[in-house]
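Enquirer: So that we are looking at the same thing, I have put the structure below in structure tokens.
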Amino acid sequence: MNPIPNHAKSSDAPARQTVLIVDDTPQNLTILGELLQPYYRVRAANSGERALRAAGLEPPPDLILLDVMMPGMDGYAVLEHLRAEPRTAHVPVIFVTAMNGVENEERGLELGAVDYIIKPINPAVVLARVRTHLELKHARDRLALENEWLEQEVARRMSENLLIQELSVRALACLSEARDNETGLHIVRTQTYVELLAQHLLGNPAFQPALDNGRLQMVVKAAPLHDIGKVGVPDSILLKPGRLTPEEFSIMKSHPVIGADAITKAMEQALSGVAPGGEEQATGAFRFLEIAREISLGHHEKWDGSGYPAGLAGEAIPVSARLMALADVFDALMTRRVYKPPFSLAETTRIICEGRGSHFDPAVVDAFMARRDEFAEIAARLADPDPDPTEAEGVP
């Protein structure tokens with residue numbers, strides 16, 4: 001009586017698996033088929049060519065018992081073809097052969113065979129080897145599925161976290177602009193302008209350290225926080241329709257520092273709650289906020305050192321702030337404000353070009369000129385709605 005494989009008795013056994021047997025001798029096919037059929041689905045082929053066709057059928061085989069010495073395409077050639085096809089590359093193959101030389105066995109194992117069975121076969125040995133390799137394959141397949149699920153779950157959670165981060169940033173940015181005369185479209189426009197400039201300058205060696213390795217996207221995502229410090233400016237100044245007095249402008253100029261200090265305080269408080277040993281990981285996670293702090297603090301600095309709050313000049317101004325400076329000014333010029341009508345593209349371009357080397361980094365102005373048509377398209381597509389004339393006239 002044939003021994004019954006252990007997994008055939010177990011309620012935890014995998015579903016009935018498929019074994020492909022390949023041998024050019026009909027008697028060998030019959031012996032192996034009768035031995036395996038009580039426990040497995042058996043598929044048979046009597047040549048190498050037919051074996052390859054049988055391996056391509058549905059369901060794909062879970063294991064192949066492959067004769068080595070066959071006319072035409074021998075077992076080694078069959079195995080090479082199987083390993084070259086993605087669909088069969090990982091199907092375990094056991095060579096069944098009368099050849100028992102060490103060199104032959106080494107060659108088969110080098111090609112990717114998982115085991116050797118010597119003819120004449122011992123039924124108990126065949127069943128034990130088949131069972132072992134099918135169990136290993138089942139375990140590998142299950143592990144691969146679990147890994148795929150885990151990768152998908154990690155990707156899903158990372159996507160959710162990034163979305164939450166972006167929504168949080170936009171909520172904070174909109175909170176600051178809710179007290180200002182600007183609309184939420186200012187956030188979207190300036191963020192898009194910053195992205196255009198950053199993409200254009202990524203190929204510039206002087207800008208690569210600040211924009212490579214994922215930093216470009218962090219700069220873009222942090223851009224909406226450039227004016228978060230305006231929440232600390234009194235309404236009487238922030239919403240004043242006319243020109244600010246020197247004293248009022250001095251208070252207005254504090255908003256970069258207010259925003260940067262708020263971001264710094266948030267990072268410090270978060271770090272104070274990090275478990276011991278997690279400081280390095282937390283610091284890496286704060287790179288985004290560090291860039292947001294750079295933008296908030298430095299987007300009103302000028303290339304010649306005449307800006308505020310610190311009077312930084314040239315390359316002392318962070319790249320992220322240099323990009324934001326031009327994007328912010330372009331949007332301010334191109335849009336209607338309570339104290340001015342929108343400027344034309346030509347006039348806006350003239351003002352920005354006049355600021356090349358004084359207000360703005362010359363390379364950033366050059367990038368703007370190279371992408372000016374895209375700036376203009378975004379300004380038109382995301383333009384603020386025209387004000388209601390009845391409101392301007394005070395009509396209820």
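So you can find residues: chains in the structure tokens are A, B, ... in the order shown, residues in each start at 1, and ligands are numbered from 1 in order.
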Can you check which residues of segment 25-115 of chain A DSSP gives as strand (DSSP E or B) on the backbone and send them as a ChimeraX atom specification?
Expert: /A:41-45,63-67,93-97,115
Enquirer: Deliver the residues from the most recent selection as a file, using N, CA, C and O atoms, as an mmCIF file, in the first residue's frame.
Expert:
```cif
data_model
loop_
_atom_site.group_PDB
_atom_site.id
_atom_site.type_symbol
_atom_site.label_atom_id
_atom_site.label_comp_id
_atom_site.auth_asym_id
_atom_site.auth_seq_id
_atom_site.Cartn_x
_atom_site.Cartn_y
_atom_site.Cartn_z
ATOM 1 N N ARG A 41 -3.544 16.538 -8.483
ATOM 2 C CA ARG A 41 -3.913 16.582 -9.892
ATOM 3 C C ARG A 41 -2.645 16.297 -10.689
ATOM 4 O O ARG A 41 -1.621 16.959 -10.477
ATOM 5 N N VAL A 42 -2.723 15.379 -11.601
ATOM 6 C CA VAL A 42 -1.533 14.966 -12.344
ATOM 7 C C VAL A 42 -1.704 15.318 -13.817
ATOM 8 O O VAL A 42 -2.746 15.038 -14.419
ATOM 9 N N ARG A 43 -0.698 15.932 -14.375
ATOM 10 C CA ARG A 43 -0.631 16.243 -15.801
ATOM 11 C C ARG A 43 0.624 15.572 -16.338
ATOM 12 O O ARG A 43 1.668 15.586 -15.673
ATOM 13 N N ALA A 44 0.550 14.975 -17.536
ATOM 14 C CA ALA A 44 1.674 14.205 -18.059
ATOM 15 C C ALA A 44 2.082 14.704 -19.436
ATOM 16 O O ALA A 44 1.262 15.189 -20.213
ATOM 17 N N ALA A 45 3.394 14.574 -19.727
ATOM 18 C CA ALA A 45 3.936 14.915 -21.043
ATOM 19 C C ALA A 45 5.071 13.944 -21.342
ATOM 20 O O ALA A 45 5.853 13.600 -20.458
ATOM 21 N N LEU A 63 4.397 21.757 -9.171
ATOM 22 C CA LEU A 63 5.650 21.017 -9.104
ATOM 23 C C LEU A 63 5.806 20.247 -10.414
ATOM 24 O O LEU A 63 4.810 19.804 -10.996
ATOM 25 N N ILE A 64 7.047 20.089 -10.869
ATOM 26 C CA ILE A 64 7.315 19.327 -12.089
ATOM 27 C C ILE A 64 8.336 18.245 -11.774
ATOM 28 O O ILE A 64 9.407 18.531 -11.213
ATOM 29 N N LEU A 65 7.985 16.994 -12.105
ATOM 30 C CA LEU A 65 8.924 15.874 -12.052
ATOM 31 C C LEU A 65 9.426 15.676 -13.473
ATOM 32 O O LEU A 65 8.667 15.307 -14.373
ATOM 33 N N LEU A 66 10.706 15.909 -13.704
ATOM 34 C CA LEU A 66 11.241 16.034 -15.056
ATOM 35 C C LEU A 66 12.355 15.032 -15.311
ATOM 36 O O LEU A 66 13.379 15.017 -14.621
ATOM 37 N N ASP A 67 12.126 14.173 -16.330
ATOM 38 C CA ASP A 67 13.164 13.234 -16.767
ATOM 39 C C ASP A 67 14.294 14.014 -17.418
ATOM 40 O O ASP A 67 14.059 15.028 -18.087
ATOM 41 N N VAL A 93 11.242 22.252 -9.692
ATOM 42 C CA VAL A 93 11.464 21.127 -10.609
ATOM 43 C C VAL A 93 12.354 20.102 -9.917
ATOM 44 O O VAL A 93 13.424 20.441 -9.406
ATOM 45 N N ILE A 94 11.882 18.832 -9.912
ATOM 46 C CA ILE A 94 12.679 17.716 -9.400
ATOM 47 C C ILE A 94 13.080 16.869 -10.595
ATOM 48 O O ILE A 94 12.224 16.412 -11.357
ATOM 49 N N PHE A 95 14.382 16.668 -10.766
ATOM 50 C CA PHE A 95 14.837 15.785 -11.828
ATOM 51 C C PHE A 95 14.644 14.324 -11.400
ATOM 52 O O PHE A 95 14.965 13.952 -10.260
ATOM 53 N N VAL A 96 14.102 13.518 -12.317
ATOM 54 C CA VAL A 96 13.950 12.071 -12.103
ATOM 55 C C VAL A 96 14.795 11.400 -13.163
ATOM 56 O O VAL A 96 14.494 11.504 -14.363
ATOM 57 N N THR A 97 15.873 10.725 -12.761
ATOM 58 C CA THR A 97 16.837 10.243 -13.753
ATOM 59 C C THR A 97 17.581 9.016 -13.270
ATOM 60 O O THR A 97 17.722 8.783 -12.060
ATOM 61 N N ASP A 115 15.732 19.350 -6.546
ATOM 62 C CA ASP A 115 16.028 18.038 -5.976
ATOM 63 C C ASP A 115 16.280 17.044 -7.107
ATOM 64 O O ASP A 115 16.018 17.333 -8.280
#
```
Enquirer: Using only C-alpha atoms, I'd like a table of the residues in segment 278-317 of chain A that come within 10 Å of segment 353-361 of chain A; for each, show the closest atom pair and its distance in Å rounded to one decimal, ordered by chain and ascending number, as CSV.
Expert:
```
residue,atom,partner,partner_atom,distance
A:His300,CA,A:His359,CA,9.2
A:Glu301,CA,A:His359,CA,7.9
A:Lys302,CA,A:His359,CA,4.5
A:Trp303,CA,A:His359,CA,5.1
A:Asp304,CA,A:Ser358,CA,4.8
A:Gly305,CA,A:Ser358,CA,8.1
A:Ser306,CA,A:His359,CA,7.9
A:Gly307,CA,A:His359,CA,7.9
A:Ala313,CA,A:Ser358,CA,9.4
A:Gly314,CA,A:Asp361,CA,7.1
A:Glu315,CA,A:Asp361,CA,8.5
A:Ile317,CA,A:Asp361,CA,9.4
```
Enquirer: Can you measure atom CA of Pro224 of chain A to atom CA of Leu239 of chain A for me? One decimal in Å is fine.
Expert: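 Distance between the two atoms: 19.8 Å.
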Enquirer: Using atom CA of Ser250 of chain A and atom CA of Leu326 of chain A as the two end points, give the distance in Å to one decimal.
Expert: 21.5 Å
Enquirer: Would you list the contacts of Ile352 of chain A as a list of chain:residue names, taking every protein, DNA or RNA residue within 12 Å and counting only C-alpha atoms, but skipping same-chain residues closer than 6 positions in sequence?
Expert: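 The filter keeps A:Ala325, A:Leu326, A:Ala327, A:Asp328, A:Val329, A:Phe330, A:Asp331, A:Ala332, A:Leu333, A:Met334, A:Leu345, A:Ala346, A:Ser358, A:His359, A:Phe360, A:Asp361, A:Pro362, A:Val364, A:Val365, A:Asp366, A:Ala367, A:Phe368, A:Met369, A:Arg372.
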Enquirer: So how many Å separate atom CA of Lys221 of chain A and atom CA of Arg189 of chain A, to one decimal?
Expert: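 So the answer is 12.5 Å.
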Enquirer: Mind listing the alpha helix (DSSP H) residues of segment 74-124 of chain A, per DSSP on the backbone, as a VMD selection string?
Expert: chain A and resid 75 to 84 102 to 111 123 to 124
Enquirer: Can you pull out every residue within 9 Å of segment 15-26 of chain A, counting only C-alpha atoms, but drop anything in the same chain fewer than 4 positions away, and send it as a PyMOL selection string?
Expert: chain A and resi 8+30-33+36+39-48+50-51+54-55+59-71+75+96+130+134
Enquirer: Could you write out the selected residues, including N, CA, C and O atoms, as a tab-separated table (two decimals), in the first residue's frame?
Expert:
```tsv
chain	number	residue	atom	x	y	z
A	8	ALA	N	-1.97	15.24	3.17
A	8	ALA	CA	-3.24	14.78	2.61
A	8	ALA	C	-4.23	14.45	3.71
A	8	ALA	O	-5.44	14.41	3.47
A	30	THR	N	3.17	6.03	-16.36
A	30	THR	CA	2.09	5.29	-15.71
A	30	THR	C	2.37	5.07	-14.23
A	30	THR	O	1.51	5.28	-13.37
A	31	ILE	N	3.63	4.67	-13.93
A	31	ILE	CA	3.98	4.40	-12.53
A	31	ILE	C	3.85	5.67	-11.68
A	31	ILE	O	3.25	5.66	-10.60
A	32	LEU	N	4.42	6.75	-12.20
A	32	LEU	CA	4.36	8.00	-11.44
A	32	LEU	C	2.92	8.52	-11.33
A	32	LEU	O	2.50	9.01	-10.28
A	33	GLY	N	2.16	8.38	-12.43
A	33	GLY	CA	0.78	8.86	-12.41
A	33	GLY	C	-0.05	8.12	-11.38
A	33	GLY	O	-0.81	8.74	-10.61
A	36	LEU	N	0.83	9.20	-7.80
A	36	LEU	CA	0.52	10.56	-7.36
A	36	LEU	C	-0.97	10.93	-7.44
A	36	LEU	O	-1.43	11.81	-6.72
A	39	TYR	N	-3.49	11.79	-4.57
A	39	TYR	CA	-3.25	12.95	-3.71
A	39	TYR	C	-3.16	14.28	-4.47
A	39	TYR	O	-3.34	15.35	-3.86
A	40	TYR	N	-2.90	14.22	-5.77
A	40	TYR	CA	-2.66	15.44	-6.53
A	40	TYR	C	-3.34	15.37	-7.89
A	40	TYR	O	-3.67	14.29	-8.38
A	41	ARG	N	-3.54	16.54	-8.48
A	41	ARG	CA	-3.91	16.58	-9.89
A	41	ARG	C	-2.65	16.30	-10.69
A	41	ARG	O	-1.62	16.96	-10.48
A	42	VAL	N	-2.72	15.38	-11.60
A	42	VAL	CA	-1.53	14.97	-12.34
A	42	VAL	C	-1.70	15.32	-13.82
A	42	VAL	O	-2.75	15.04	-14.42
A	43	ARG	N	-0.70	15.93	-14.38
A	43	ARG	CA	-0.63	16.24	-15.80
A	43	ARG	C	0.62	15.57	-16.34
A	43	ARG	O	1.67	15.59	-15.67
A	44	ALA	N	0.55	14.97	-17.54
A	44	ALA	CA	1.67	14.21	-18.06
A	44	ALA	C	2.08	14.70	-19.44
A	44	ALA	O	1.26	15.19	-20.21
A	45	ALA	N	3.39	14.57	-19.73
A	45	ALA	CA	3.94	14.92	-21.04
A	45	ALA	C	5.07	13.94	-21.34
A	45	ALA	O	5.85	13.60	-20.46
A	46	ASN	N	5.17	13.50	-22.62
A	46	ASN	CA	6.18	12.51	-22.98
A	46	ASN	C	7.33	13.08	-23.80
A	46	ASN	O	8.08	12.32	-24.42
A	47	SER	N	7.48	14.41	-23.80
A	47	SER	CA	8.62	15.03	-24.49
A	47	SER	C	8.85	16.41	-23.89
A	47	SER	O	7.97	16.98	-23.23
A	48	GLY	N	10.05	16.95	-24.19
A	48	GLY	CA	10.35	18.28	-23.67
A	48	GLY	C	9.44	19.34	-24.25
A	48	GLY	O	8.98	20.24	-23.53
A	50	ARG	N	6.35	19.03	-25.40
A	50	ARG	CA	5.01	18.91	-24.82
A	50	ARG	C	5.01	19.33	-23.35
A	50	ARG	O	4.01	19.85	-22.84
A	51	ALA	N	6.12	19.13	-22.69
A	51	ALA	CA	6.21	19.56	-21.29
A	51	ALA	C	6.07	21.08	-21.18
A	51	ALA	O	5.37	21.58	-20.29
A	54	ALA	N	2.46	21.92	-21.72
A	54	ALA	CA	1.65	21.52	-20.56
A	54	ALA	C	1.88	22.48	-19.38
A	54	ALA	O	0.96	22.77	-18.61
A	55	ALA	N	3.10	22.97	-19.25
A	55	ALA	CA	3.41	23.91	-18.15
A	55	ALA	C	2.69	25.23	-18.33
A	55	ALA	O	2.45	25.96	-17.37
A	59	PRO	N	-4.69	25.06	-14.48
A	59	PRO	CA	-3.85	25.89	-13.61
A	59	PRO	C	-2.38	25.58	-13.83
A	59	PRO	O	-2.06	24.46	-14.23
A	60	PRO	N	-1.49	26.50	-13.57
A	60	PRO	CA	-0.07	26.21	-13.73
A	60	PRO	C	0.36	25.13	-12.74
A	60	PRO	O	-0.23	25.00	-11.66
A	61	PRO	N	1.33	24.33	-13.10
A	61	PRO	CA	1.76	23.27	-12.17
A	61	PRO	C	2.39	23.84	-10.91
A	61	PRO	O	3.03	24.90	-10.94
A	62	ASP	N	2.18	23.12	-9.82
A	62	ASP	CA	2.82	23.50	-8.56
A	62	ASP	C	4.18	22.85	-8.41
A	62	ASP	O	5.01	23.30	-7.62
A	63	LEU	N	4.40	21.76	-9.17
A	63	LEU	CA	5.65	21.02	-9.10
A	63	LEU	C	5.81	20.25	-10.41
A	63	LEU	O	4.81	19.80	-11.00
A	64	ILE	N	7.05	20.09	-10.87
A	64	ILE	CA	7.32	19.33	-12.09
A	64	ILE	C	8.34	18.25	-11.77
A	64	ILE	O	9.41	18.53	-11.21
A	65	LEU	N	7.98	16.99	-12.10
A	65	LEU	CA	8.92	15.87	-12.05
A	65	LEU	C	9.43	15.68	-13.47
A	65	LEU	O	8.67	15.31	-14.37
A	66	LEU	N	10.71	15.91	-13.70
A	66	LEU	CA	11.24	16.03	-15.06
A	66	LEU	C	12.35	15.03	-15.31
A	66	LEU	O	13.38	15.02	-14.62
A	67	ASP	N	12.13	14.17	-16.33
A	67	ASP	CA	13.16	13.23	-16.77
A	67	ASP	C	14.29	14.01	-17.42
A	67	ASP	O	14.06	15.03	-18.09
A	68	VAL	N	15.53	13.56	-17.22
A	68	VAL	CA	16.67	14.25	-17.80
A	68	VAL	C	16.94	13.77	-19.22
A	68	VAL	O	17.02	14.56	-20.16
A	69	MET	N	17.08	12.45	-19.40
A	69	MET	CA	17.47	11.89	-20.69
A	69	MET	C	16.23	11.66	-21.55
A	69	MET	O	15.50	10.69	-21.38
A	70	MET	N	15.99	12.58	-22.49
A	70	MET	CA	14.88	12.45	-23.43
A	70	MET	C	15.40	12.82	-24.81
A	70	MET	O	16.27	13.68	-24.95
A	71	PRO	N	14.88	12.20	-25.85
A	71	PRO	CA	15.30	12.57	-27.21
A	71	PRO	C	14.83	13.98	-27.55
A	71	PRO	O	13.83	14.46	-27.03
A	75	GLY	N	16.00	17.19	-20.44
A	75	GLY	CA	15.50	17.84	-19.24
A	75	GLY	C	16.20	19.14	-18.92
A	75	GLY	O	15.59	20.10	-18.43
A	96	VAL	N	14.10	13.52	-12.32
A	96	VAL	CA	13.95	12.07	-12.10
A	96	VAL	C	14.79	11.40	-13.16
A	96	VAL	O	14.49	11.50	-14.36
A	130	VAL	N	8.03	14.86	-3.02
A	130	VAL	CA	6.96	15.67	-3.61
A	130	VAL	C	6.24	16.45	-2.52
A	130	VAL	O	5.99	17.66	-2.65
A	134	LEU	N	6.22	20.54	-2.27
A	134	LEU	CA	4.93	21.21	-2.41
A	134	LEU	C	4.60	22.04	-1.17
A	134	LEU	O	4.04	23.14	-1.27
```
Enquirer: Select, from A:Phe375, A:Arg243, A:Ala363, A:Phe288, the residue with the minimum atom-to-atom distance to Asn204 of chain A, counting only C-alpha atoms.
Expert: A:Ala363
Enquirer: Determine, counting only C-alpha atoms, which protein, DNA and RNA residues have an atom within 9 Å of an atom of Leu111 of chain A; residues of the same chain fewer than 3 positions away are not included. Present the result as a PyMOL selection string.
Expert: chain A and resi 76+79-80+83+106-108
